[in-house]
Amino acid sequence: MRIGVCSDVHGRHDRLLAVLAAMAAAGVDERWCLGDLVGREPVTAELVGAASQLDLLIAGNHDAWALGPDRVVARGRDVFRLSSRALASRHGIDCW
């Protein structure tokens with residue numbers, strides 16, 4: 001399995017789209033963002049649309065500040081803010 005990984009988009013949907021295009025060209029099987037999808041830029045419909053193409057999104061500190069301490073619903077599933085370690089471990093990545 002080939003996994004494309006990005007992080008620190010900080011609200012720049014144009015950068016996320018460029019990364020997603022590069023991942024598609026590389027033929028990755030899954031697209032992961034390891035935190036800080038949002039930042040100082042406003043959250044736009046374009047950013048949300050681009051983010052919907054991700055298979056895994058781990059909340060970074062900027063995302064946690066934007067979302068608050070509870071939960072959100074994405075793709076009809078409850079998504080709880082977990083530590084990166086917990087999410088990565090669920091996907092078989094050894095974290096320490």
# chains A, B, ... in the order shown; residues from 1 in each chain; ligands from 1
$ residues_around --residues "A:Leu16" --least-positions-apart "3" --cutoff "12 Å" --atoms "only C-alpha atoms" --output "PyMOL selection string"
chain A and resi 5-13+19-23+31-33+36-38+46-54
$ write_last_selection --atoms "C-alpha atoms" --output "PDB file, in the first residue's frame"
ATOM      1  CA  VAL A   5       1.288  12.133   3.657  1.00  0.00           C
ATOM      2  CA  CYS A   6       1.016  15.892   4.127  1.00  0.00           C
ATOM      3  CA  SER A   7       0.682  18.291   7.043  1.00  0.00           C
ATOM      4  CA  ASP A   8       0.574  21.967   7.972  1.00  0.00           C
ATOM      5  CA  VAL A   9      -1.748  23.141   5.207  1.00  0.00           C
ATOM      6  CA  HIS A  10      -2.852  26.018   7.483  1.00  0.00           C
ATOM      7  CA  GLY A  11      -5.971  26.853   5.486  1.00  0.00           C
ATOM      8  CA  ARG A  12      -4.312  27.077   2.063  1.00  0.00           C
ATOM      9  CA  HIS A  13      -6.674  25.042  -0.111  1.00  0.00           C
ATOM     10  CA  VAL A  19      -0.443  18.048  -2.892  1.00  0.00           C
ATOM     11  CA  LEU A  20      -3.514  15.931  -3.695  1.00  0.00           C
ATOM     12  CA  ALA A  21      -2.728  16.208  -7.416  1.00  0.00           C
ATOM     13  CA  ALA A  22       0.858  15.095  -6.779  1.00  0.00           C
ATOM     14  CA  MET A  23      -0.420  12.169  -4.717  1.00  0.00           C
ATOM     15  CA  ARG A  31      -4.103  10.261   1.398  1.00  0.00           C
ATOM     16  CA  TRP A  32      -3.313  11.321   4.973  1.00  0.00           C
ATOM     17  CA  CYS A  33      -3.012  14.759   6.568  1.00  0.00           C
ATOM     18  CA  ASP A  36      -2.987  21.570  11.004  1.00  0.00           C
ATOM     19  CA  LEU A  37      -5.378  21.563   8.080  1.00  0.00           C
ATOM     20  CA  VAL A  38      -6.711  24.903   9.321  1.00  0.00           C
ATOM     21  CA  GLU A  46     -12.773  25.008  -1.211  1.00  0.00           C
ATOM     22  CA  LEU A  47     -10.707  23.836   1.756  1.00  0.00           C
ATOM     23  CA  VAL A  48     -13.529  21.620   3.014  1.00  0.00           C
ATOM     24  CA  GLY A  49     -14.005  20.183  -0.477  1.00  0.00           C
ATOM     25  CA  ALA A  50     -10.311  19.423  -0.855  1.00  0.00           C
ATOM     26  CA  ALA A  51     -10.150  17.933   2.643  1.00  0.00           C
ATOM     27  CA  SER A  52     -13.014  15.570   1.790  1.00  0.00           C
ATOM     28  CA  GLN A  53     -10.575  13.769  -0.524  1.00  0.00           C
ATOM     29  CA  LEU A  54      -8.399  12.774   2.454  1.00  0.00           C
TER      30      LEU A  54
END
$ closest_residue --among "A:Gly35, A:Gly4, A:Val43, A:Leu17" --to "A:Ala59" --atoms "only C-alpha atoms"
A:Gly35
$ atom_distance --atom1 "atom CA of A:Arg2" --atom2 "atom CA of A:Gly39"
27.6 Å
$ residues_around --residues "A:Ile3" --least-positions-apart "3" --cutoff "7 Å" --atoms "only C-alpha atoms" --output "compact mmCIF listing (two decimals) with C-alpha atoms, in the first residue's frame"
# COMPACT_ATOMS: atom_id res chain seq x y z
CA VAL A 28 -1.02 6.54 -3.79
CA ASP A 29 -3.68 4.30 -2.25
CA GLU A 30 -4.49 6.55 0.72
CA ARG A 31 -4.10 10.26 1.40
$ atom_distance --atom1 "atom CA of A:Trp65" --atom2 "atom CA of A:Thr44"
16.7 Å
$ atom_distance --atom1 "atom CA of A:Leu34" --atom2 "atom CA of A:Leu57"
6.2 Å
$ decode --residues "stretch 11-45 of chain A" --atoms "C-alpha atoms" --output "PDB file, in the first residue's frame"
ATOM      1  CA  GLY A  11      -5.971  26.853   5.486  1.00  0.00           C
ATOM      2  CA  ARG A  12      -4.312  27.077   2.063  1.00  0.00           C
ATOM      3  CA  HIS A  13      -6.674  25.042  -0.111  1.00  0.00           C
ATOM      4  CA  ASP A  14      -4.540  25.774  -3.180  1.00  0.00           C
ATOM      5  CA  ARG A  15      -1.577  24.047  -1.550  1.00  0.00           C
ATOM      6  CA  LEU A  16      -3.700  21.089  -0.467  1.00  0.00           C
ATOM      7  CA  LEU A  17      -5.058  20.701  -4.009  1.00  0.00           C
ATOM      8  CA  ALA A  18      -1.498  20.736  -5.371  1.00  0.00           C
ATOM      9  CA  VAL A  19      -0.443  18.048  -2.892  1.00  0.00           C
ATOM     10  CA  LEU A  20      -3.514  15.931  -3.695  1.00  0.00           C
ATOM     11  CA  ALA A  21      -2.728  16.208  -7.416  1.00  0.00           C
ATOM     12  CA  ALA A  22       0.858  15.095  -6.779  1.00  0.00           C
ATOM     13  CA  MET A  23      -0.420  12.169  -4.717  1.00  0.00           C
ATOM     14  CA  ALA A  24      -2.794  11.156  -7.527  1.00  0.00           C
ATOM     15  CA  ALA A  25       0.042  11.343 -10.058  1.00  0.00           C
ATOM     16  CA  ALA A  26       2.162   9.145  -7.779  1.00  0.00           C
ATOM     17  CA  GLY A  27      -0.637   6.577  -7.560  1.00  0.00           C
ATOM     18  CA  VAL A  28      -1.023   6.539  -3.787  1.00  0.00           C
ATOM     19  CA  ASP A  29      -3.683   4.305  -2.249  1.00  0.00           C
ATOM     20  CA  GLU A  30      -4.494   6.548   0.717  1.00  0.00           C
ATOM     21  CA  ARG A  31      -4.103  10.261   1.398  1.00  0.00           C
ATOM     22  CA  TRP A  32      -3.313  11.321   4.973  1.00  0.00           C
ATOM     23  CA  CYS A  33      -3.012  14.759   6.568  1.00  0.00           C
ATOM     24  CA  LEU A  34      -1.093  14.662   9.834  1.00  0.00           C
ATOM     25  CA  GLY A  35      -2.448  17.849  11.323  1.00  0.00           C
ATOM     26  CA  ASP A  36      -2.987  21.570  11.004  1.00  0.00           C
ATOM     27  CA  LEU A  37      -5.378  21.563   8.080  1.00  0.00           C
ATOM     28  CA  VAL A  38      -6.711  24.903   9.321  1.00  0.00           C
ATOM     29  CA  GLY A  39      -4.726  27.927  10.360  1.00  0.00           C
ATOM     30  CA  ARG A  40      -4.968  31.688  10.251  1.00  0.00           C
ATOM     31  CA  GLU A  41      -6.636  31.654   6.841  1.00  0.00           C
ATOM     32  CA  PRO A  42     -10.458  31.429   6.936  1.00  0.00           C
ATOM     33  CA  VAL A  43     -11.942  27.958   6.468  1.00  0.00           C
ATOM     34  CA  THR A  44     -13.483  28.033   2.993  1.00  0.00           C
ATOM     35  CA  ALA A  45     -15.757  25.728   1.028  1.00  0.00           C
TER      36      ALA A  45
END
